[in-house]
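Text of entry-v3.cif, listed as mmCIF, C-alpha atoms:
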```
data_start
#
loop_
_atom_site.label_atom_id
_atom_site.label_comp_id
_atom_site.auth_asym_id
_atom_site.auth_seq_id
_atom_site.Cartn_x
_atom_site.Cartn_y
_atom_site.Cartn_z
CA MET A 4 -21.24 -15.17 -15.73
CA GLN A 5 -18.42 -15.88 -13.30
CA PRO A 6 -18.31 -19.43 -11.92
CA SER A 7 -19.34 -19.92 -8.31
CA ILE A 8 -16.57 -21.00 -5.94
CA LYS A 9 -16.67 -22.92 -2.69
CA ILE A 10 -13.67 -23.12 -0.36
CA ILE A 11 -13.81 -25.93 2.20
CA ASN A 12 -11.63 -27.18 5.08
CA GLY A 13 -10.02 -23.80 5.70
CA GLN A 14 -9.07 -21.79 8.76
CA LEU A 15 -11.09 -18.68 7.94
CA ILE A 16 -9.65 -15.39 9.24
CA THR A 17 -12.71 -13.22 9.86
CA PRO A 18 -12.84 -9.79 11.54
CA HIS A 19 -13.77 -11.43 14.83
CA ARG A 20 -12.12 -14.84 14.97
CA ILE A 21 -10.42 -17.66 13.10
CA ILE A 22 -12.97 -20.32 12.16
CA PRO A 23 -11.42 -23.82 12.06
CA ASN A 24 -12.69 -26.13 9.33
CA GLY A 25 -14.73 -23.29 7.86
CA SER A 26 -16.33 -22.94 4.45
CA LEU A 27 -16.73 -19.98 2.13
CA LEU A 28 -19.10 -19.54 -0.82
CA ILE A 29 -18.51 -17.05 -3.66
CA ALA A 30 -20.91 -16.11 -6.45
CA GLY A 31 -21.12 -13.15 -8.82
CA GLY A 32 -17.79 -11.77 -7.62
CA LYS A 33 -19.03 -11.47 -4.02
CA ILE A 34 -18.75 -13.52 -0.84
CA VAL A 35 -22.25 -14.84 -0.19
CA GLN A 36 -21.67 -17.10 2.81
CA VAL A 37 -19.08 -17.64 5.54
CA SER A 38 -19.77 -20.69 7.67
CA GLU A 39 -18.25 -22.75 10.44
CA GLU A 40 -20.16 -25.70 9.03
CA LYS A 41 -20.01 -27.45 5.69
CA ILE A 42 -21.83 -25.43 3.01
CA THR A 43 -24.17 -27.73 1.10
CA SER A 44 -24.80 -25.42 -1.86
CA ARG A 45 -23.27 -26.61 -5.11
CA ALA A 46 -20.48 -24.61 -6.77
CA ASP A 47 -18.75 -24.68 -10.15
CA ILE A 48 -15.32 -24.75 -8.50
CA VAL A 49 -14.47 -26.39 -5.18
CA ILE A 50 -11.18 -25.53 -3.48
CA ASP A 51 -10.06 -27.73 -0.59
CA ALA A 52 -7.87 -25.53 1.61
CA GLY A 53 -6.58 -28.61 3.42
CA GLY A 54 -6.50 -26.91 6.80
CA LYS A 55 -4.59 -23.88 5.55
CA TYR A 56 -5.55 -20.28 6.30
CA VAL A 57 -8.16 -18.47 4.23
CA SER A 58 -7.76 -14.70 4.43
CA PRO A 59 -9.13 -11.55 2.84
CA GLY A 60 -6.96 -10.48 -0.08
CA PHE A 61 -4.01 -8.25 0.80
CA ILE A 62 -4.39 -4.53 0.01
CA ASP A 63 -1.25 -2.55 -0.86
CA ILE A 64 -1.92 1.19 -0.80
CA HIS A 65 1.65 2.25 -1.70
CA ILE A 66 3.48 0.39 -4.47
CA HIS A 67 5.73 1.49 -7.35
CA GLY A 68 6.55 -1.66 -9.24
CA GLY A 69 7.47 -5.32 -9.49
CA GLY A 70 8.33 -8.05 -11.96
CA GLY A 71 10.85 -5.76 -13.69
CA ALA A 72 8.30 -2.99 -14.34
CA ASP A 73 7.52 0.41 -12.78
CA PHE A 74 4.32 2.44 -12.99
CA MET A 75 6.43 5.33 -14.32
CA ASP A 76 7.52 3.30 -17.36
CA GLY A 77 4.66 4.89 -19.23
CA ASN A 78 2.96 1.91 -20.82
CA VAL A 79 0.01 -0.38 -20.15
CA GLU A 80 2.18 -3.50 -20.10
CA ALA A 81 4.05 -2.22 -17.05
CA PHE A 82 0.83 -1.71 -15.09
CA LEU A 83 -0.41 -5.21 -15.95
CA THR A 84 2.95 -6.84 -15.18
CA ILE A 85 3.07 -5.26 -11.72
CA ALA A 86 -0.51 -6.25 -10.93
CA GLN A 87 0.10 -9.84 -11.99
CA THR A 88 3.46 -10.10 -10.20
CA HIS A 89 2.15 -9.00 -6.81
CA ALA A 90 -1.03 -11.05 -7.12
CA LYS A 91 1.15 -14.16 -6.91
CA TYR A 92 2.09 -13.05 -3.38
CA GLY A 93 -1.47 -12.43 -2.21
CA THR A 94 -2.09 -8.81 -3.19
CA THR A 95 -5.61 -8.49 -4.58
CA ALA A 96 -5.89 -4.67 -4.60
CA MET A 97 -3.29 -1.93 -5.01
CA ALA A 98 -2.83 1.81 -5.38
CA PRO A 99 -0.28 2.35 -8.19
CA THR A 100 2.18 4.99 -7.03
CA THR A 101 4.18 7.61 -8.91
CA LEU A 102 7.52 9.20 -8.13
CA THR A 103 8.29 12.91 -8.11
CA ALA A 104 8.21 14.01 -11.75
CA GLU A 105 7.32 16.73 -14.21
CA LYS A 106 3.63 17.52 -14.71
CA GLU A 107 3.62 15.98 -18.17
CA ASP A 108 4.96 12.67 -16.82
CA LEU A 109 2.28 12.58 -14.13
CA LEU A 110 -0.46 13.31 -16.65
CA HIS A 111 0.85 10.57 -18.93
CA THR A 112 0.97 8.06 -16.07
CA LEU A 113 -2.62 8.89 -15.13
CA ASP A 114 -3.68 8.39 -18.73
CA ILE A 115 -1.98 4.99 -18.82
CA TYR A 116 -3.76 4.05 -15.59
CA LYS A 117 -7.11 4.75 -17.23
CA GLN A 118 -6.14 2.57 -20.20
CA ALA A 119 -4.76 -0.28 -18.07
CA ALA A 120 -7.53 -0.58 -15.47
CA PRO A 121 -10.16 -2.20 -17.75
CA LYS A 122 -7.56 -4.61 -19.16
CA ASN A 123 -6.40 -5.82 -15.74
CA GLU A 124 -8.09 -9.22 -15.57
CA GLN A 125 -5.28 -11.42 -14.21
CA GLY A 126 -3.77 -9.24 -11.50
CA ALA A 127 -4.45 -7.26 -8.35
CA GLN A 128 -7.25 -4.73 -8.83
CA PHE A 129 -6.35 -1.05 -9.15
CA ILE A 130 -8.09 1.07 -6.49
CA GLY A 131 -6.89 4.51 -7.60
CA MET A 132 -3.56 6.23 -8.16
CA HIS A 133 -1.28 7.43 -5.39
CA ILE A 134 0.64 10.56 -6.41
CA GLU A 135 3.83 10.70 -4.33
CA GLY A 136 5.31 14.15 -4.75
CA PRO A 137 6.48 16.45 -6.19
CA TYR A 138 5.60 18.77 -3.26
CA PHE A 139 8.31 17.67 -0.82
CA ASP A 140 10.94 19.07 1.53
CA MET A 141 14.33 18.89 -0.19
CA GLU A 142 16.18 17.71 2.94
CA GLN A 143 13.80 14.77 3.35
CA ARG A 144 13.64 13.79 -0.32
CA GLY A 145 15.24 10.35 0.15
CA ALA A 146 15.53 8.70 -3.27
CA GLN A 147 13.11 11.19 -4.89
CA ASP A 148 14.75 13.08 -7.78
CA PRO A 149 15.65 16.61 -6.56
CA ARG A 150 15.25 18.02 -10.08
CA TYR A 151 11.47 17.77 -9.79
CA ILE A 152 10.84 18.72 -6.16
CA ARG A 153 8.86 21.95 -5.77
CA HIS A 154 6.24 23.74 -3.68
CA PRO A 155 2.52 23.13 -4.25
CA ASP A 156 1.43 24.86 -7.44
CA GLU A 157 -2.32 25.54 -7.44
CA LYS A 158 -2.63 25.80 -11.21
CA GLU A 159 -0.64 22.61 -11.68
CA TYR A 160 -2.43 20.40 -9.17
CA LYS A 161 -5.86 21.59 -10.23
CA GLU A 162 -5.04 20.69 -13.84
CA ILE A 163 -3.74 17.26 -12.82
CA ILE A 164 -6.81 16.50 -10.74
CA THR A 165 -9.17 17.67 -13.48
CA CYS A 166 -7.40 15.55 -16.09
CA SER A 167 -7.36 12.51 -13.80
CA GLU A 168 -11.13 12.13 -14.11
CA GLY A 169 -11.37 10.81 -10.56
CA CYS A 170 -8.68 8.16 -10.74
CA ILE A 171 -6.44 9.70 -8.02
CA ALA A 172 -7.15 8.15 -4.62
CA ARG A 173 -4.39 9.72 -2.51
CA TRP A 174 -1.61 12.30 -2.77
CA SER A 175 1.46 12.56 -0.53
CA ALA A 176 3.08 15.94 0.23
CA ALA A 177 5.02 17.86 2.87
CA PRO A 178 2.38 19.86 4.79
CA GLU A 179 4.73 22.60 6.04
CA LEU A 180 5.41 23.93 2.53
CA PRO A 181 3.81 27.20 1.38
CA GLY A 182 0.38 26.44 -0.05
CA ALA A 183 0.26 22.87 1.32
CA LEU A 184 -2.70 23.43 3.63
CA ALA A 185 -4.85 24.85 0.83
CA PHE A 186 -3.69 21.92 -1.28
CA GLY A 187 -4.89 19.49 1.40
CA ARG A 188 -8.31 21.13 1.53
CA TYR A 189 -8.60 20.95 -2.26
CA LEU A 190 -7.71 17.26 -2.23
CA LEU A 191 -10.39 16.54 0.36
CA ALA A 192 -12.96 18.46 -1.67
CA ASN A 193 -12.16 16.13 -4.58
CA ASN A 194 -12.34 12.91 -2.53
CA ILE A 195 -8.56 12.47 -2.53
CA LEU A 196 -6.76 11.47 0.69
CA PRO A 197 -3.95 13.90 1.65
CA ALA A 198 -0.93 12.16 3.21
CA ILE A 199 2.14 13.49 5.02
CA ALA A 200 5.43 12.54 3.35
CA HIS A 201 9.07 13.57 2.83
CA THR A 202 8.65 16.31 5.38
CA ASN A 203 10.60 18.33 7.95
CA ALA A 204 7.48 19.49 9.78
CA VAL A 205 7.29 19.99 13.54
CA TYR A 206 4.35 19.23 15.81
CA ASP A 207 2.53 22.53 15.24
CA ASP A 208 2.78 22.00 11.47
CA VAL A 209 1.33 18.51 11.80
CA VAL A 210 -1.60 19.72 13.92
CA LYS A 211 -2.47 22.26 11.21
CA ALA A 212 -2.06 19.56 8.58
CA VAL A 213 -4.55 17.27 10.33
CA GLU A 214 -6.98 20.19 10.59
CA ASN A 215 -6.71 20.53 6.81
CA GLY A 216 -7.20 16.87 5.92
CA TYR A 217 -3.80 15.17 6.22
CA THR A 218 -4.60 11.99 8.17
CA LEU A 219 -2.07 9.45 6.87
CA ALA A 220 1.69 9.26 7.42
CA THR A 221 3.35 7.92 4.27
CA HIS A 222 6.01 5.22 4.95
CA PHE A 223 6.22 6.12 8.65
CA TYR A 224 9.80 6.84 9.84
CA SER A 225 11.12 7.08 6.27
CA GLY A 226 11.56 10.60 4.86
CA MET A 227 10.25 12.44 7.91
CA SER A 228 11.56 14.46 10.83
CA GLY A 229 12.06 13.28 14.38
CA VAL A 230 13.02 15.30 17.46
CA MET A 231 15.12 18.29 16.38
CA ARG A 232 16.76 21.41 17.80
CA LYS A 233 16.09 24.96 16.65
CA ASN A 234 17.93 27.77 18.41
CA ALA A 235 18.76 25.42 21.29
CA PHE A 236 15.11 24.38 21.83
CA ARG A 237 13.83 20.87 21.13
CA TYR A 238 10.84 20.32 18.87
CA ALA A 239 8.79 17.20 18.26
CA GLY A 240 8.99 16.12 14.64
CA VAL A 241 6.55 14.22 12.47
CA ILE A 242 7.42 10.85 14.00
CA GLU A 243 6.48 11.98 17.51
CA SER A 244 3.42 13.81 16.15
CA VAL A 245 2.09 10.65 14.52
CA TYR A 246 2.35 8.84 17.84
CA LEU A 247 0.63 11.67 19.70
CA ILE A 248 -2.24 12.45 17.32
CA ASP A 249 -4.79 9.66 17.26
CA GLU A 250 -6.44 10.86 14.04
CA ILE A 251 -3.32 10.06 11.98
CA ASP A 252 -2.95 6.59 10.49
CA ALA A 253 0.51 5.24 9.74
CA GLU A 254 1.66 3.03 6.90
CA ILE A 255 4.90 1.08 7.35
CA ILE A 256 7.31 -0.79 5.11
CA ALA A 257 7.37 -3.94 7.22
CA ASP A 258 10.17 -5.76 5.39
CA GLY A 259 12.26 -6.01 8.55
CA ILE A 260 14.95 -3.83 6.98
CA HIS A 261 13.47 -0.35 6.58
CA LEU A 262 12.13 -0.83 10.12
CA PRO A 263 13.94 -3.31 12.41
CA ALA A 264 12.18 -5.42 15.01
CA PRO A 265 12.33 -2.90 17.90
CA LEU A 266 10.63 -0.21 15.80
CA LEU A 267 7.97 -2.61 14.52
CA LYS A 268 7.19 -3.51 18.13
CA LEU A 269 7.18 0.14 19.20
CA ILE A 270 4.75 1.11 16.45
CA CYS A 271 2.35 -1.66 17.39
CA LYS A 272 2.64 -0.87 21.11
CA VAL A 273 2.13 2.90 20.82
CA LYS A 274 0.21 3.51 17.58
CA GLY A 275 -1.55 0.18 17.60
CA THR A 276 -2.44 -2.30 14.87
CA ASP A 277 -5.83 -0.66 14.26
CA ARG A 278 -4.13 2.53 13.02
CA THR A 279 -1.19 0.95 11.15
CA ALA A 280 -1.27 -0.39 7.59
CA LEU A 281 1.41 -2.52 5.95
CA ILE A 282 2.76 -1.39 2.57
CA THR A 283 5.40 -2.81 0.26
CA ASP A 284 6.49 0.52 -1.31
CA ALA A 285 7.96 -1.95 -3.79
CA MET A 286 10.06 -0.92 -6.78
CA ARG A 287 10.48 -2.82 -10.07
CA ALA A 288 12.90 -5.36 -8.55
CA ALA A 289 10.20 -6.93 -6.36
CA GLY A 290 9.74 -10.54 -7.41
CA MET A 291 13.04 -10.45 -9.33
CA PRO A 292 16.52 -11.89 -8.59
CA PRO A 293 19.11 -9.72 -6.74
CA GLY A 294 21.45 -7.52 -8.77
CA GLU A 295 21.33 -4.18 -10.55
CA SER A 296 18.01 -2.46 -11.12
CA ILE A 297 16.45 0.97 -11.70
CA LEU A 298 14.29 3.03 -9.38
CA GLY A 299 11.66 4.92 -11.35
CA ALA A 300 11.24 5.10 -15.11
CA LYS A 301 13.38 2.63 -17.03
CA ASP A 302 14.84 5.22 -19.41
CA HIS A 303 15.86 7.90 -16.87
CA GLY A 304 15.52 6.39 -13.41
CA LEU A 305 18.08 5.95 -10.64
CA LYS A 306 20.44 2.96 -10.83
CA VAL A 307 20.36 0.83 -7.69
CA ILE A 308 21.72 -2.44 -6.34
CA VAL A 309 19.40 -5.06 -4.87
CA GLU A 310 20.99 -7.14 -2.14
CA ASP A 311 20.13 -8.28 1.40
CA GLY A 312 16.45 -8.08 0.51
CA VAL A 313 16.44 -4.33 -0.19
CA ALA A 314 17.46 -1.84 -2.91
CA LYS A 315 20.47 0.34 -2.12
CA LEU A 316 22.18 3.32 -3.72
CA PRO A 317 25.19 2.23 -5.82
CA ASP A 318 27.61 3.40 -3.11
CA ARG A 319 25.56 1.45 -0.53
CA SER A 320 25.26 4.58 1.59
CA ALA A 321 21.45 4.37 1.93
CA PHE A 322 18.39 2.32 1.04
CA ALA A 323 16.86 3.22 -2.33
CA GLY A 324 13.65 1.25 -2.29
CA SER A 325 11.80 -1.82 -1.13
CA VAL A 326 11.57 -5.15 -2.94
CA ALA A 327 9.01 -6.54 -0.51
CA THR A 328 5.86 -8.43 -1.38
CA ALA A 329 2.72 -8.52 0.77
CA ASP A 330 3.27 -12.05 2.08
CA ARG A 331 6.68 -10.98 3.37
CA LEU A 332 5.13 -8.07 5.27
CA VAL A 333 2.68 -10.32 7.10
CA ARG A 334 5.41 -12.86 7.82
CA THR A 335 7.73 -10.16 9.17
CA MET A 336 5.10 -8.70 11.50
CA ILE A 337 4.55 -12.16 12.98
CA THR A 338 8.22 -13.14 13.32
CA LEU A 339 9.91 -9.81 14.10
CA GLY A 340 7.00 -7.65 15.25
CA GLU A 341 5.65 -10.49 17.40
CA VAL A 342 2.10 -9.71 16.30
CA PRO A 343 -0.53 -12.51 16.26
CA LEU A 344 -1.46 -13.80 12.81
CA ALA A 345 -4.95 -12.28 12.81
CA GLU A 346 -3.55 -8.86 13.77
CA ALA A 347 -0.88 -8.99 11.06
CA VAL A 348 -3.52 -9.93 8.47
CA LYS A 349 -5.74 -7.07 9.66
CA MET A 350 -2.87 -4.61 9.04
CA MET A 351 -2.68 -5.86 5.44
CA THR A 352 -6.44 -6.00 4.82
CA ARG A 353 -9.00 -4.22 7.01
CA VAL A 354 -6.80 -1.27 8.00
CA PRO A 355 -5.77 -0.24 4.46
CA ALA A 356 -9.35 -0.81 3.28
CA ARG A 357 -10.62 1.60 5.93
CA ILE A 358 -7.94 4.19 5.14
CA MET A 359 -8.90 4.14 1.47
CA GLN A 360 -12.62 4.26 2.33
CA LEU A 361 -13.16 0.78 0.92
CA GLY A 362 -14.06 -0.94 4.18
CA HIS A 363 -17.66 -1.42 3.08
CA ARG A 364 -16.60 -3.87 0.37
CA LYS A 365 -12.98 -4.95 0.88
CA GLY A 366 -10.70 -6.16 3.66
CA ALA A 367 -12.84 -8.81 5.37
CA LEU A 368 -14.32 -12.26 4.87
CA ALA A 369 -18.02 -11.49 5.26
CA ALA A 370 -21.19 -11.86 3.23
CA GLY A 371 -21.59 -9.06 0.69
CA MET A 372 -17.89 -8.22 0.47
CA ASP A 373 -15.84 -8.40 -2.73
CA ALA A 374 -14.58 -11.93 -3.34
CA ASP A 375 -10.88 -11.11 -2.82
CA VAL A 376 -9.44 -14.16 -1.05
CA VAL A 377 -6.03 -15.64 -0.35
CA VAL A 378 -5.14 -19.14 0.87
CA PHE A 379 -1.76 -19.55 2.57
CA ASP A 380 0.04 -21.92 4.94
CA GLU A 381 1.63 -21.34 8.35
CA GLY A 382 4.70 -19.80 6.71
CA ILE A 383 2.47 -17.33 4.83
CA ILE A 384 3.34 -19.05 1.57
CA VAL A 385 0.51 -18.15 -0.81
CA GLU A 386 -1.16 -21.05 -2.62
CA LYS A 387 -4.43 -19.65 -3.99
CA VAL A 388 -5.51 -16.14 -4.96
CA ILE A 389 -9.00 -15.02 -5.94
CA VAL A 390 -9.63 -11.46 -7.17
CA GLY A 391 -13.22 -10.33 -7.61
CA GLY A 392 -14.38 -13.93 -7.82
CA ARG A 393 -11.74 -14.91 -10.42
CA VAL A 394 -9.15 -17.56 -9.51
CA ILE A 395 -5.85 -16.15 -10.74
CA LEU A 396 -3.45 -18.45 -8.89
#
```
Written as structure tokens, that's how I'd like the structure from this file.
Amino acid sequence: MQPSIKIINGQLITPHRIIPNGSLLIAGGKIVQVSEEKITSRADIVIDAGGKYVSPGFIDIHIHGGGGADFMDGNVEAFLTIAQTHAKYGTTAMAPTTLTAEKEDLLHTLDIYKQAAPKNEQGAQFIGMHIEGPYFDMEQRGAQDPRYIRHPDEKEYKEIITCSEGCIARWSAAPELPGALAFGRYLLANNILPAIAHTNAVYDDVVKAVENGYTLATHFYSGMSGVMRKNAFRYAGVIESVYLIDEIDAEIIADGIHLPAPLLKLICKVKGTDRTALITDAMRAAGMPPGESILGAKDHGLKVIVEDGVAKLPDRSAFAGSVATADRLVRTMITLGEVPLAEAVKMMTRVPARIMQLGHRKGALAAGMDADVVVFDEGIIVEKVIVGGRVIL
């Protein structure tokens, strides 16, 4: 039996308000009471928040690594290291994400996920794999390895999904590629969220994509088309399409570097905080000192340099990955995006929970929800982390 936990003297960030001097009671891995008054029930563990904020746990739906490990390293230890590293920064749930790779590498990574999930007792919970690639547009590949980029292959993706045994939660692809619309429909039929990524699509392509299940824009602005000219005529790209089509959610790397302050403000003004989720898109260097690192698998990944709070290609010609943690995202949205605290927290909790169809049990401080809780101060410095009713920090 898990010990019961009571949090007192906290500023509780609920879906509707911030409760000053609130109390929270946890039992059996669930939140059982949220109160603006002192809870009199006894608990095995009492945590005095000391006036600090008490928030739902942060949910990262796009993450590659951290703590010196990458999900493509191909071993259970890497999965557990990443989960434990990001938990220290308030992440209580995550979607482990692949890079473009050969089918065999993807199958192996999925197998490792299935082995790691039941052993993950001290880190952020795994909520399903995110397959990023390999069905991308070559011109918008970014740091994805061009050797593995290809068009949707029906035989291949059906085999991968069958072998996954239901552990794939989302899959990112370029919807304008031949076969991509049928691919989107097949994903939906298997309860997998299709997402638009690394794409040169125009508005008409995006409309068709939405009609076939693509309702999430992967790392909005990164690896996607904007306004372009074809035969002298202008066309709206994916960026403009995401703004125009209400049914599409956007996820953003809110580290303040991939997207500067004016773009963060524009996204919140036009798309809105209810349709925008924060993601780290973090690589293995997250939570590590600056210097040289590797994007992707340790034995054959891309060498990068981490400096100025971001990973760069060795020639410093472009960004090569994020080293953000969830607390940094919330902090950046408040300081650079000029978003109120409760709105920034919502973008890191309720919005990603809804996108991943987990809103019935994650993303909010309310009775009956999973006991995923974070305590942090005004600077969003994380002090306590509870995952599924277990205190892990």
| Nearest to A:Met336 among A:His222, A:Lys268, A:His154, A:Lys387, with distances taken over all atoms listed in the file: which residue is it? |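 The answer is A:Lys268, which sits nearest to A:Met336.
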| request: Compare A:Ile358, A:Met4, A:Ile256, A:Thr17 by their minimum atom-to-atom distance to A:Gly32, counting only C-alpha atoms, and give me the closest one. | output: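 That would be A:Met4, the residue with the smallest distance to A:Gly32.
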| task | I need the residue set behind the PyMOL selection byres ((chain A and resi 275) around 12) for this file; please write it as a count of residues only. | result | 28
| message | When you count all atoms listed in the file, which of these residues is closest to A:Asp330: A:Val209, A:Leu368, A:Ala239, A:Val385? | response | A:Val385
| At what distance in Å, to one decimal, does atom CA of A:Asn215 lie from atom CA of A:Met132? |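 Atom CA of A:Met132 sits 20.9 Å away from atom CA of A:Asn215.
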| message | With all atoms listed in the file as the counted atoms, please give the residues lying no more than 7 Å from stretch 304-314 of chain A, apart from itself and same-chain residues fewer than 2 positions off, as a list in words. | response | Pro293, Gly294, Glu295, Ser296, Ile297, Leu298, Gly299, Ala300, Lys301, Asp302, Leu316, Pro317, Phe322, Ala323, Gly324, Ser325 and Val326 of chain A
Export C-alpha atoms of the chosen residues as a tab-separated table (two decimals), in the coordinates of the input?
```tsv
chain	number	residue	atom	x	y	z
A	293	PRO	CA	19.11	-9.72	-6.74
A	294	GLY	CA	21.45	-7.52	-8.77
A	295	GLU	CA	21.33	-4.18	-10.55
A	296	SER	CA	18.01	-2.46	-11.12
A	297	ILE	CA	16.45	0.97	-11.70
A	298	LEU	CA	14.29	3.03	-9.38
A	299	GLY	CA	11.66	4.92	-11.35
A	300	ALA	CA	11.24	5.10	-15.11
A	301	LYS	CA	13.38	2.63	-17.03
A	302	ASP	CA	14.84	5.22	-19.41
A	316	LEU	CA	22.18	3.32	-3.72
A	317	PRO	CA	25.19	2.23	-5.82
A	322	PHE	CA	18.39	2.32	1.04
A	323	ALA	CA	16.86	3.22	-2.33
A	324	GLY	CA	13.65	1.25	-2.29
A	325	SER	CA	11.80	-1.82	-1.13
A	326	VAL	CA	11.57	-5.15	-2.94
```
